[in-house]
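**Student:** As input, take input11.cif (mmCIF, C-alpha atoms):
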data_structure
#
loop_
_atom_site.group_PDB
_atom_site.id
_atom_site.type_symbol
_atom_site.label_atom_id
_atom_site.label_comp_id
_atom_site.auth_asym_id
_atom_site.auth_seq_id
_atom_site.Cartn_x
_atom_site.Cartn_y
_atom_site.Cartn_z
ATOM 1 C CA MET A 1 -13.932 83.671 -15.711
ATOM 2 C CA SER A 2 -16.554 80.954 -15.963
ATOM 3 C CA GLN A 3 -15.637 77.718 -17.698
ATOM 4 C CA PRO A 4 -17.909 75.031 -19.162
ATOM 5 C CA PRO A 5 -18.112 72.160 -16.654
ATOM 6 C CA PHE A 6 -15.568 69.399 -17.013
ATOM 7 C CA THR A 7 -17.141 65.967 -17.374
ATOM 8 C CA LEU A 8 -15.365 62.840 -16.254
ATOM 9 C CA VAL A 9 -15.592 60.064 -18.810
ATOM 10 C CA LYS A 10 -15.042 56.343 -18.604
ATOM 11 C CA GLU A 11 -11.792 55.208 -20.155
ATOM 12 C CA ARG A 12 -9.836 52.044 -20.821
ATOM 13 C CA LEU A 13 -6.249 51.362 -19.921
ATOM 14 C CA GLY A 14 -5.403 51.306 -23.620
ATOM 15 C CA ASP A 15 -6.620 54.905 -23.929
ATOM 16 C CA LEU A 16 -3.985 56.291 -21.527
ATOM 17 C CA PRO A 17 -0.973 58.130 -22.968
ATOM 18 C CA ALA A 18 2.374 56.360 -22.916
ATOM 19 C CA ALA A 19 4.379 56.656 -19.693
ATOM 20 C CA ILE A 20 8.025 57.752 -19.685
ATOM 21 C CA PRO A 21 10.330 55.880 -17.255
ATOM 22 C CA LEU A 22 12.191 58.350 -15.032
ATOM 23 C CA ARG A 23 14.999 56.004 -14.049
ATOM 24 C CA THR A 24 16.053 52.413 -14.399
ATOM 25 C CA SER A 25 14.506 49.672 -12.286
ATOM 26 C CA GLU A 26 15.694 49.301 -8.710
ATOM 27 C CA PRO A 27 16.842 45.791 -7.686
ATOM 28 C CA THR A 28 13.847 44.113 -6.081
ATOM 29 C CA ASP A 29 12.011 40.822 -6.147
ATOM 30 C CA VAL A 30 8.713 42.542 -5.261
ATOM 31 C CA PRO A 31 6.414 42.939 -8.295
ATOM 32 C CA GLU A 32 4.285 46.050 -8.823
ATOM 33 C CA LEU A 33 0.654 45.405 -7.877
ATOM 34 C CA ASP A 34 -2.487 46.933 -9.383
ATOM 35 C CA ASP A 35 -5.690 46.287 -7.440
ATOM 36 C CA GLY A 36 -7.871 47.029 -10.481
ATOM 37 C CA ARG A 37 -10.736 48.476 -8.456
ATOM 38 C CA GLY A 38 -13.408 50.813 -9.819
ATOM 39 C CA PRO A 39 -16.229 49.606 -12.091
ATOM 40 C CA ASP A 40 -17.507 53.093 -13.025
ATOM 41 C CA TYR A 41 -14.205 54.831 -13.753
ATOM 42 C CA LEU A 42 -10.652 53.607 -13.665
ATOM 43 C CA ASP A 43 -9.761 53.736 -9.986
ATOM 44 C CA ARG A 44 -6.558 51.760 -9.579
ATOM 45 C CA PHE A 45 -4.357 51.777 -6.505
ATOM 46 C CA ILE A 46 -0.852 50.718 -7.502
ATOM 47 C CA THR A 47 1.572 49.518 -4.843
ATOM 48 C CA GLN A 48 5.166 48.305 -4.730
ATOM 49 C CA VAL A 49 6.162 50.776 -7.436
ATOM 50 C CA THR A 50 9.759 50.134 -8.458
ATOM 51 C CA VAL A 51 10.037 52.139 -11.682
ATOM 52 C CA ALA A 52 8.918 55.764 -11.478
ATOM 53 C CA THR A 53 7.149 57.032 -14.594
ATOM 54 C CA LEU A 54 5.827 60.302 -15.989
ATOM 55 C CA THR A 55 2.706 60.298 -18.194
ATOM 56 C CA PRO A 56 2.270 63.493 -20.269
ATOM 57 C CA TYR A 57 -1.157 64.859 -21.155
ATOM 58 C CA LEU A 58 -0.711 67.718 -23.620
ATOM 59 C CA PRO A 59 -3.621 70.007 -24.589
ATOM 60 C CA ALA A 60 -4.446 70.750 -28.216
ATOM 61 C CA ALA A 61 -1.952 73.191 -29.695
ATOM 62 C CA ALA A 62 -4.624 75.822 -30.323
ATOM 63 C CA ALA A 63 -5.712 75.744 -26.677
ATOM 64 C CA ALA A 64 -2.317 75.378 -24.961
ATOM 65 C CA THR A 65 -1.451 78.154 -22.514
ATOM 66 C CA GLY A 66 2.136 77.052 -21.898
ATOM 67 C CA ALA A 67 1.451 76.183 -18.264
ATOM 68 C CA ALA A 68 2.166 72.710 -16.885
ATOM 69 C CA VAL A 69 1.430 70.829 -13.666
ATOM 70 C CA LEU A 70 3.194 67.786 -12.223
ATOM 71 C CA ILE A 71 0.520 65.654 -10.514
ATOM 72 C CA CYS A 72 1.378 63.565 -7.437
ATOM 73 C CA PRO A 73 -1.375 61.074 -6.496
ATOM 74 C CA GLY A 74 -1.845 60.113 -2.874
ATOM 75 C CA GLY A 75 -1.581 56.721 -1.217
ATOM 76 C CA GLY A 76 0.107 57.070 2.156
ATOM 77 C CA TYR A 77 3.540 56.477 0.582
ATOM 78 C CA HIS A 78 2.339 52.879 0.265
ATOM 79 C CA GLY A 79 1.192 53.279 -3.330
ATOM 80 C CA VAL A 80 -0.558 55.698 -5.687
ATOM 81 C CA ALA A 81 -4.247 56.301 -6.459
ATOM 82 C CA ILE A 82 -3.164 56.767 -10.036
ATOM 83 C CA ASP A 83 -6.525 57.410 -11.737
ATOM 84 C CA LYS A 84 -8.776 59.558 -9.552
ATOM 85 C CA GLU A 85 -5.820 61.573 -8.207
ATOM 86 C CA GLY A 86 -3.734 61.361 -11.367
ATOM 87 C CA HIS A 87 -5.152 60.776 -14.832
ATOM 88 C CA ASP A 88 -8.503 62.425 -13.985
ATOM 89 C CA ILE A 89 -6.647 65.575 -12.948
ATOM 90 C CA ALA A 90 -4.500 65.685 -16.063
ATOM 91 C CA ARG A 91 -7.560 65.537 -18.324
ATOM 92 C CA TRP A 92 -9.194 68.326 -16.294
ATOM 93 C CA LEU A 93 -6.107 70.520 -16.705
ATOM 94 C CA ASN A 94 -6.138 69.914 -20.469
ATOM 95 C CA HIS A 95 -9.743 71.150 -20.462
ATOM 96 C CA PHE A 96 -8.455 74.715 -19.971
ATOM 97 C CA GLY A 97 -5.188 74.468 -21.883
ATOM 98 C CA VAL A 98 -2.771 73.367 -19.143
ATOM 99 C CA ALA A 99 -0.476 70.383 -19.671
ATOM 100 C CA GLY A 100 -0.743 67.679 -17.015
ATOM 101 C CA PHE A 101 2.001 65.203 -16.108
ATOM 102 C CA VAL A 102 1.050 62.236 -13.935
ATOM 103 C CA LEU A 103 3.859 61.052 -11.662
ATOM 104 C CA LYS A 104 3.914 57.420 -10.565
ATOM 105 C CA TYR A 105 6.614 57.689 -7.923
ATOM 106 C CA ARG A 106 8.413 54.850 -6.187
ATOM 107 C CA SER A 107 6.916 53.236 -3.074
ATOM 108 C CA PRO A 108 9.438 53.907 -0.305
ATOM 109 C CA ASN A 109 8.326 51.198 2.149
ATOM 110 C CA PRO A 110 11.160 48.624 1.889
ATOM 111 C CA ALA A 111 8.746 45.813 2.718
ATOM 112 C CA ALA A 112 6.649 46.572 -0.383
ATOM 113 C CA GLY A 113 8.864 48.219 -2.970
ATOM 114 C CA PRO A 114 12.400 49.395 -3.686
ATOM 115 C CA ARG A 115 14.687 50.460 -0.861
ATOM 116 C CA CYS A 116 14.409 54.189 -1.475
ATOM 117 C CA GLN A 117 13.632 55.632 1.972
ATOM 118 C CA PRO A 118 13.453 58.519 2.578
ATOM 119 C CA TYR A 119 14.364 60.384 -0.612
ATOM 120 C CA GLY A 120 12.993 58.181 -3.412
ATOM 121 C CA PRO A 121 9.657 59.966 -4.017
ATOM 122 C CA LEU A 122 11.205 63.433 -3.683
ATOM 123 C CA ARG A 123 13.982 62.596 -6.127
ATOM 124 C CA ASP A 124 11.364 61.247 -8.554
ATOM 125 C CA ALA A 125 9.375 64.492 -8.334
ATOM 126 C CA GLN A 126 12.495 66.614 -8.730
ATOM 127 C CA ARG A 127 13.659 64.644 -11.760
ATOM 128 C CA ALA A 128 10.169 64.908 -13.273
ATOM 129 C CA LEU A 129 10.157 68.710 -12.857
ATOM 130 C CA ARG A 130 13.576 68.907 -14.486
ATOM 131 C CA LEU A 131 12.508 66.609 -17.322
ATOM 132 C CA ILE A 132 9.393 68.703 -18.002
ATOM 133 C CA ARG A 133 11.496 71.866 -18.233
ATOM 134 C CA SER A 134 14.131 70.126 -20.362
ATOM 135 C CA ARG A 135 11.466 69.329 -22.987
ATOM 136 C CA ALA A 136 9.574 72.618 -22.697
ATOM 137 C CA SER A 137 10.158 73.574 -26.332
ATOM 138 C CA GLU A 138 9.005 70.182 -27.611
ATOM 139 C CA TRP A 139 5.899 70.220 -25.420
ATOM 140 C CA ARG A 140 5.068 73.938 -25.995
ATOM 141 C CA LEU A 141 5.612 74.883 -22.349
ATOM 142 C CA ASP A 142 6.766 77.979 -20.516
ATOM 143 C CA GLU A 143 9.620 76.939 -18.202
ATOM 144 C CA GLY A 144 8.519 79.614 -15.721
ATOM 145 C CA ARG A 145 4.981 78.237 -15.389
ATOM 146 C CA VAL A 146 5.591 74.682 -14.195
ATOM 147 C CA GLY A 147 3.739 73.857 -10.979
ATOM 148 C CA ILE A 148 3.050 70.831 -8.812
ATOM 149 C CA LEU A 149 -0.218 69.417 -7.445
ATOM 150 C CA GLY A 150 -0.643 66.670 -4.878
ATOM 151 C CA PHE A 151 -3.265 64.783 -2.884
ATOM 152 C CA SER A 152 -2.818 63.416 0.645
ATOM 153 C CA ALA A 153 0.681 61.873 0.832
ATOM 154 C CA GLY A 154 1.137 63.134 -2.717
ATOM 155 C CA GLY A 155 0.388 66.540 -1.206
ATOM 156 C CA HIS A 156 3.255 65.959 1.202
ATOM 157 C CA LEU A 157 5.444 65.114 -1.781
ATOM 158 C CA ALA A 158 4.327 68.283 -3.598
ATOM 159 C CA ALA A 159 4.966 70.393 -0.497
ATOM 160 C CA SER A 160 8.364 68.730 -0.031
ATOM 161 C CA ALA A 161 9.300 69.542 -3.621
ATOM 162 C CA SER A 162 8.169 73.129 -2.946
ATOM 163 C CA THR A 163 10.272 73.550 0.207
ATOM 164 C CA LEU A 164 13.274 71.208 -0.212
ATOM 165 C CA PHE A 165 14.320 72.171 -3.740
ATOM 166 C CA THR A 166 17.853 73.050 -2.601
ATOM 167 C CA ASP A 167 18.159 69.453 -1.330
ATOM 168 C CA SER A 168 18.036 68.017 -4.819
ATOM 169 C CA ALA A 169 20.898 65.722 -5.795
ATOM 170 C CA GLU A 170 20.548 64.740 -9.482
ATOM 171 C CA ALA A 171 22.732 61.992 -10.964
ATOM 172 C CA GLU A 172 21.750 62.622 -14.600
ATOM 173 C CA PRO A 173 24.224 65.229 -15.983
ATOM 174 C CA ALA A 174 21.810 66.449 -18.664
ATOM 175 C CA LEU A 175 19.237 67.346 -15.991
ATOM 176 C CA ALA A 176 21.428 68.412 -13.072
ATOM 177 C CA GLY A 177 21.615 72.064 -14.148
ATOM 178 C CA ILE A 178 17.851 72.481 -14.599
ATOM 179 C CA ALA A 179 15.751 74.008 -11.812
ATOM 180 C CA CYS A 180 13.463 71.691 -9.832
ATOM 181 C CA ARG A 181 11.650 74.395 -7.848
ATOM 182 C CA PRO A 182 7.943 74.437 -8.785
ATOM 183 C CA ASP A 183 6.513 77.835 -9.767
ATOM 184 C CA PHE A 184 3.301 77.193 -7.807
ATOM 185 C CA THR A 185 1.801 74.517 -5.567
ATOM 186 C CA VAL A 186 -1.677 72.995 -5.245
ATOM 187 C CA LEU A 187 -2.333 70.850 -2.167
ATOM 188 C CA ILE A 188 -5.582 68.892 -1.791
ATOM 189 C CA TYR A 189 -6.162 67.292 1.645
ATOM 190 C CA PRO A 190 -2.366 67.134 2.110
ATOM 191 C CA VAL A 191 -0.193 65.433 4.654
ATOM 192 C CA VAL A 192 2.154 68.225 5.802
ATOM 193 C CA SER A 193 3.647 67.678 9.255
ATOM 194 C CA PHE A 194 5.642 64.724 10.574
ATOM 195 C CA THR A 195 6.224 66.334 13.962
ATOM 196 C CA ALA A 196 3.046 68.073 15.175
ATOM 197 C CA ALA A 197 1.268 66.009 17.829
ATOM 198 C CA GLY A 198 -2.281 65.089 16.864
ATOM 199 C CA VAL A 199 -1.661 66.244 13.294
ATOM 200 C CA LEU A 200 0.908 63.963 11.695
ATOM 201 C CA HIS A 201 -0.173 60.954 9.638
ATOM 202 C CA ALA A 202 1.717 58.102 11.278
ATOM 203 C CA GLY A 203 1.320 55.687 8.351
ATOM 204 C CA SER A 204 2.787 58.076 5.787
ATOM 205 C CA ARG A 205 5.685 58.938 8.094
ATOM 206 C CA HIS A 206 6.397 55.276 8.781
ATOM 207 C CA ASN A 207 6.413 54.380 5.082
ATOM 208 C CA LEU A 208 8.611 57.299 4.074
ATOM 209 C CA LEU A 209 10.989 57.653 7.033
ATOM 210 C CA GLY A 210 10.869 54.302 8.818
ATOM 211 C CA ALA A 211 9.420 53.031 12.067
ATOM 212 C CA GLN A 212 11.459 55.251 14.412
ATOM 213 C CA PRO A 213 12.907 58.100 12.365
ATOM 214 C CA PRO A 214 15.440 60.450 13.954
ATOM 215 C CA ALA A 215 13.860 63.679 15.169
ATOM 216 C CA GLU A 216 15.923 65.750 12.742
ATOM 217 C CA LEU A 217 14.732 63.675 9.770
ATOM 218 C CA SER A 218 11.107 64.127 10.855
ATOM 219 C CA ARG A 219 11.706 67.873 11.089
ATOM 220 C CA HIS A 220 13.353 67.946 7.670
ATOM 221 C CA PHE A 221 10.274 66.358 6.106
ATOM 222 C CA SER A 222 7.781 68.470 8.082
ATOM 223 C CA CYS A 223 6.959 70.868 5.279
ATOM 224 C CA GLU A 224 5.540 73.651 7.452
ATOM 225 C CA LEU A 225 8.947 73.925 9.145
ATOM 226 C CA GLN A 226 10.779 74.290 5.822
ATOM 227 C CA VAL A 227 8.781 77.198 4.355
ATOM 228 C CA THR A 228 10.810 80.307 3.461
ATOM 229 C CA LYS A 229 10.182 83.407 1.384
ATOM 230 C CA GLU A 230 11.420 81.362 -1.608
ATOM 231 C CA THR A 231 8.631 78.802 -1.259
ATOM 232 C CA PRO A 232 6.242 79.054 -4.235
ATOM 233 C CA PRO A 233 2.673 80.368 -3.805
ATOM 234 C CA ALA A 234 0.115 77.749 -2.860
ATOM 235 C CA PHE A 235 -3.567 76.858 -3.125
ATOM 236 C CA LEU A 236 -4.916 74.483 -0.460
ATOM 237 C CA VAL A 237 -8.178 72.554 0.028
ATOM 238 C CA HIS A 238 -9.326 70.572 3.069
ATOM 239 C CA THR A 239 -12.574 69.572 4.790
ATOM 240 C CA GLY A 240 -13.531 69.665 8.447
ATOM 241 C CA ASP A 241 -14.597 66.021 8.506
ATOM 242 C CA ASP A 242 -11.393 64.673 6.932
ATOM 243 C CA GLY A 243 -9.792 61.905 8.974
ATOM 244 C CA LEU A 244 -6.474 63.510 8.086
ATOM 245 C CA PRO A 245 -6.529 66.552 10.390
ATOM 246 C CA VAL A 246 -7.255 69.867 8.694
ATOM 247 C CA ALA A 247 -4.427 71.299 10.810
ATOM 248 C CA ASN A 248 -2.013 69.966 8.177
ATOM 249 C CA SER A 249 -3.296 72.533 5.671
ATOM 250 C CA LEU A 250 -3.611 75.217 8.345
ATOM 251 C CA LEU A 251 0.019 74.804 9.426
ATOM 252 C CA TYR A 252 1.295 75.128 5.864
ATOM 253 C CA TYR A 253 -0.932 78.111 5.137
ATOM 254 C CA GLN A 254 0.166 79.879 8.312
ATOM 255 C CA ALA A 255 3.824 79.239 7.514
ATOM 256 C CA LEU A 256 3.352 80.749 4.051
ATOM 257 C CA GLN A 257 1.608 83.767 5.555
ATOM 258 C CA GLN A 258 4.439 84.317 8.016
ATOM 259 C CA ALA A 259 6.996 84.071 5.195
ATOM 260 C CA GLY A 260 5.087 86.583 3.073
ATOM 261 C CA VAL A 261 4.240 84.011 0.386
ATOM 262 C CA ARG A 262 0.953 84.276 -1.490
ATOM 263 C CA ALA A 263 -1.495 81.557 -0.425
ATOM 264 C CA GLU A 264 -5.176 80.699 -0.650
ATOM 265 C CA LEU A 265 -6.921 78.166 1.592
ATOM 266 C CA HIS A 266 -10.421 76.750 1.027
ATOM 267 C CA LEU A 267 -12.073 74.900 3.915
ATOM 268 C CA PHE A 268 -15.318 72.969 3.453
ATOM 269 C CA PRO A 269 -17.456 71.425 6.203
ATOM 270 C CA GLU A 270 -17.736 67.977 4.643
ATOM 271 C CA GLY A 271 -16.248 65.776 1.984
ATOM 272 C CA GLY A 272 -14.020 63.425 3.929
ATOM 273 C CA HIS A 273 -10.831 62.214 2.284
ATOM 274 C CA GLY A 274 -9.863 60.806 -1.087
ATOM 275 C CA TYR A 275 -12.574 62.372 -3.244
ATOM 276 C CA GLY A 276 -10.232 63.642 -5.945
ATOM 277 C CA MET A 277 -12.483 65.614 -8.254
ATOM 278 C CA ARG A 278 -15.280 63.092 -8.648
ATOM 279 C CA PRO A 279 -18.739 64.625 -8.051
ATOM 280 C CA ALA A 280 -20.215 64.153 -4.585
ATOM 281 C CA ALA A 281 -23.112 66.688 -4.719
ATOM 282 C CA ARG A 282 -21.485 68.739 -1.948
ATOM 283 C CA GLY A 283 -19.731 72.062 -1.689
ATOM 284 C CA ILE A 284 -16.340 70.387 -2.076
ATOM 285 C CA ASP A 285 -17.250 69.709 -5.728
ATOM 286 C CA SER A 286 -16.367 73.344 -6.468
ATOM 287 C CA TRP A 287 -12.680 73.062 -5.594
ATOM 288 C CA PRO A 288 -11.464 72.460 -9.185
ATOM 289 C CA GLU A 289 -13.130 75.652 -10.436
ATOM 290 C CA ARG A 290 -11.792 77.625 -7.456
ATOM 291 C CA CYS A 291 -8.340 76.270 -8.270
ATOM 292 C CA ARG A 292 -8.608 77.185 -11.945
ATOM 293 C CA GLU A 293 -9.622 80.733 -11.000
ATOM 294 C CA TRP A 294 -6.642 80.992 -8.636
ATOM 295 C CA LEU A 295 -4.261 79.865 -11.360
ATOM 296 C CA LEU A 296 -5.678 82.542 -13.648
ATOM 297 C CA ARG A 297 -5.255 85.235 -10.982
ATOM 298 C CA LEU A 298 -1.735 84.022 -10.365
ATOM 299 C CA GLY A 299 -0.963 84.262 -14.080
ATOM 300 C CA LYS A 300 -0.022 80.583 -14.271
ATOM 301 C CA ALA A 301 -2.889 79.122 -16.330
#
As a first step, turn the structure in this file into structure tokens.

**Tutor:**
Amino acid sequence: MSQPPFTLVKERLGDLPAAIPLRTSEPTDVPELDDGRGPDYLDRFITQVTVATLTPYLPAAAAATGAAVLICPGGGYHGVAIDKEGHDIARWLNHFGVAGFVLKYRSPNPAAGPRCQPYGPLRDAQRALRLIRSRASEWRLDEGRVGILGFSAGGHLAASASTLFTDSAEAEPALAGIACRPDFTVLIYPVVSFTAAGVLHAGSRHNLLGAQPPAELSRHFSCELQVTKETPPAFLVHTGDDGLPVANSLLYYQALQQAGVRAELHLFPEGGHGYGMRPAARGIDSWPERCREWLLRLGKA
């Protein structure tokens, strides 16, 4: 089951695949911002996202397994860490024959993006999953092996897509009849709960739901409370020294266990938050290989 190590390489913006707009622009006078940080690798944090896009990374035909993963970068629902939690991950997936699709979802904070609270990011993820399945033949994909992967607030988005797939209004007739339930879920240092005291990430909740969200809305978007036996199997990673409490991953894992859903949780003592898959010379560096092995055992890679 061993795999030659994946090596991150420097890239230029012009080397990225073309992005597909998921919907038309929302009315706004707030321009999208790119902070352009990261001298060693592309490491952009994009805020005020108005137009959601999907960037496909397709493996070579000879290596393609038919599996696909929608990738949701983190950013506290304020923006997206599009490179280290997006494009890096797609290239890694291609390394073992899995198609990667980077989602740049809308920023829900009305002060810094379109007015799409609270459903904008979830609707973007659901449309992206439907679009991927709608073009499965063209992209050499198996419609029954389309998963979702997310980091931090993008992990909350991935978990929301994995638990709220029956809450999935779709205005595009050509896509409305296509399933938006992921076949598997990968959550790396995820935000999960918007209700558990001492666990919830107040900034992400504020940006997605507003300053004082109704209790029922907070419950609806607390992913551990929405797990059922229909929730897809999940792989989770967290570290003990993460400023985002590890209890987020524990709550989701426990909910899956109670529902009888297959799950695997990897806890590491150190690594902090926001590492993506960039080498840190610590045990957390092994999470991508552990994830690949899980996908193989699950029959999804």

**Student:** Quick one: which segment 31-132 of chain A residues come within 12 Å of segment 191-202 of chain A, and what is the nearest atom pair for each with the distance in Å to one decimal, counting all atoms listed in the file, rows ordered by chain and ascending number, as a tab-separated table?

**Tutor:**
residue	atom	partner	partner_atom	distance
A:Gly74	CA	A:Val191	CA	9.4
A:Gly75	CA	A:Val191	CA	10.6
A:Gly76	CA	A:His201	CA	8.4
A:Tyr77	CA	A:Val191	CA	10.5

**Student:** Written as a list in words, what is the full residue list that the PyMOL selection byres ((chain A and resi 240) around 7) yields on the file shown?

**Tutor:**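 For this structure, the PyMOL selection byres ((chain A and resi 240) around 7) captures His238, Thr239, Asp241, Asp242, Val246, Phe268, Pro269 and Glu270 of chain A.
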
**Student:** Selection from above, C-alpha atoms, as a PDB file, keeping the file's coordinate frame, can you write it?

**Tutor:**
ATOM      1  CA  HIS A 238      -9.326  70.572   3.069  1.00  0.00           C
ATOM      2  CA  THR A 239     -12.574  69.572   4.790  1.00  0.00           C
ATOM      3  CA  ASP A 241     -14.597  66.021   8.506  1.00  0.00           C
ATOM      4  CA  ASP A 242     -11.393  64.673   6.932  1.00  0.00           C
ATOM      5  CA  VAL A 246      -7.255  69.867   8.694  1.00  0.00           C
ATOM      6  CA  PHE A 268     -15.318  72.969   3.453  1.00  0.00           C
ATOM      7  CA  PRO A 269     -17.456  71.425   6.203  1.00  0.00           C
ATOM      8  CA  GLU A 270     -17.736  67.977   4.643  1.00  0.00           C
TER       9      GLU A 270
END

**Student:** List the neighbours of Ala18 of chain A out to 9 Å using all atoms listed in the file; skip same-chain residues closer than 5 positions along the sequence, and give me the result as a VMD selection string.

**Tutor:** chain A and resid 54 to 56

**Student:** Using the chain letters and numbers from this file, what does the PyMOL selection byres ((chain A and resi 218) around 9) select? Give the answer as number ranges by chain.

**Tutor:** A: 193-195, 205, 209, 213-217, 219-222

**Student:** Dump C-alpha atoms for the selected residues as a compact mmCIF listing (two decimals), in the frame of the given file?

**Tutor:**
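Written file, selection_8.txt:
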# COMPACT_ATOMS: atom_id res chain seq x y z
CA SER A 193 3.65 67.68 9.26
CA PHE A 194 5.64 64.72 10.57
CA THR A 195 6.22 66.33 13.96
CA ARG A 205 5.68 58.94 8.09
CA LEU A 209 10.99 57.65 7.03
CA PRO A 213 12.91 58.10 12.36
CA PRO A 214 15.44 60.45 13.95
CA ALA A 215 13.86 63.68 15.17
CA GLU A 216 15.92 65.75 12.74
CA LEU A 217 14.73 63.68 9.77
CA ARG A 219 11.71 67.87 11.09
CA HIS A 220 13.35 67.95 7.67
CA PHE A 221 10.27 66.36 6.11
CA SER A 222 7.78 68.47 8.08

**Student:** Tell me which of A:Val146, A:Ile82, A:Glu138, A:Ala64 sits closest to Gly38 of chain A, counting all atoms listed in the file.

**Tutor:** A:Ile82

**Student:** Neighbouring residues of Gly155 of chain A were defined as those with any atom within 9 Å, considering only C-alpha atoms; residues of the same chain fewer than 5 positions away were excluded. Please report them as a list in words.

**Tutor:**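 The filter keeps Cys72, Pro73, Gly74, Leu149, Gly150, Ser160, Val186, Leu187, Ile188, Tyr189, Pro190, Val191 and Val192 of chain A.
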
**Student:** Given the file shown, enumerate the residues that the PyMOL selection byres ((chain A and resi 87-96) around 10) captures and present them as a PyMOL selection string.

**Tutor:** chain A and resi 3-9+16-17+41-43+55-60+63-65+67-73+81-86+97-103+149+276-278+288+292+301

**Student:** Calculated over only C-alpha atoms, which of the candidates A:Ser286, A:Thr228, A:Val237, A:Ile178 has the smallest distance to Val261 of chain A?

**Tutor:**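 Checking each candidate against Val261 of chain A, we get A:Thr228 as the closest.
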
**Student:** Please report the interatomic distance between atom CA of Lys300 of chain A and atom CA of Ala153 of chain A in Å with one decimal.

**Tutor:**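 Computed distance, atom CA of Lys300 of chain A to atom CA of Ala153 of chain A, equals 24.1 Å.
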
**Student:** So how many Å separate atom CA of Thr185 of chain A and atom CA of Pro121 of chain A, to one decimal?

**Tutor:**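 Result for atom CA of Thr185 of chain A versus atom CA of Pro121 of chain A: 16.6 Å, one decimal.
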
**Student:** As AutoDock Vina command-line options, please report the centre and edge lengths, rounded to one decimal in Å, of the axis-aligned box that holds all listed atoms of segment 56-71 of chain A with 6 Å of padding on each of the six sides.

**Tutor:**
--center_x -1.3 --center_y 70.8 --center_z -20.4 --size_x 20.9 --size_y 26.7 --size_z 31.8
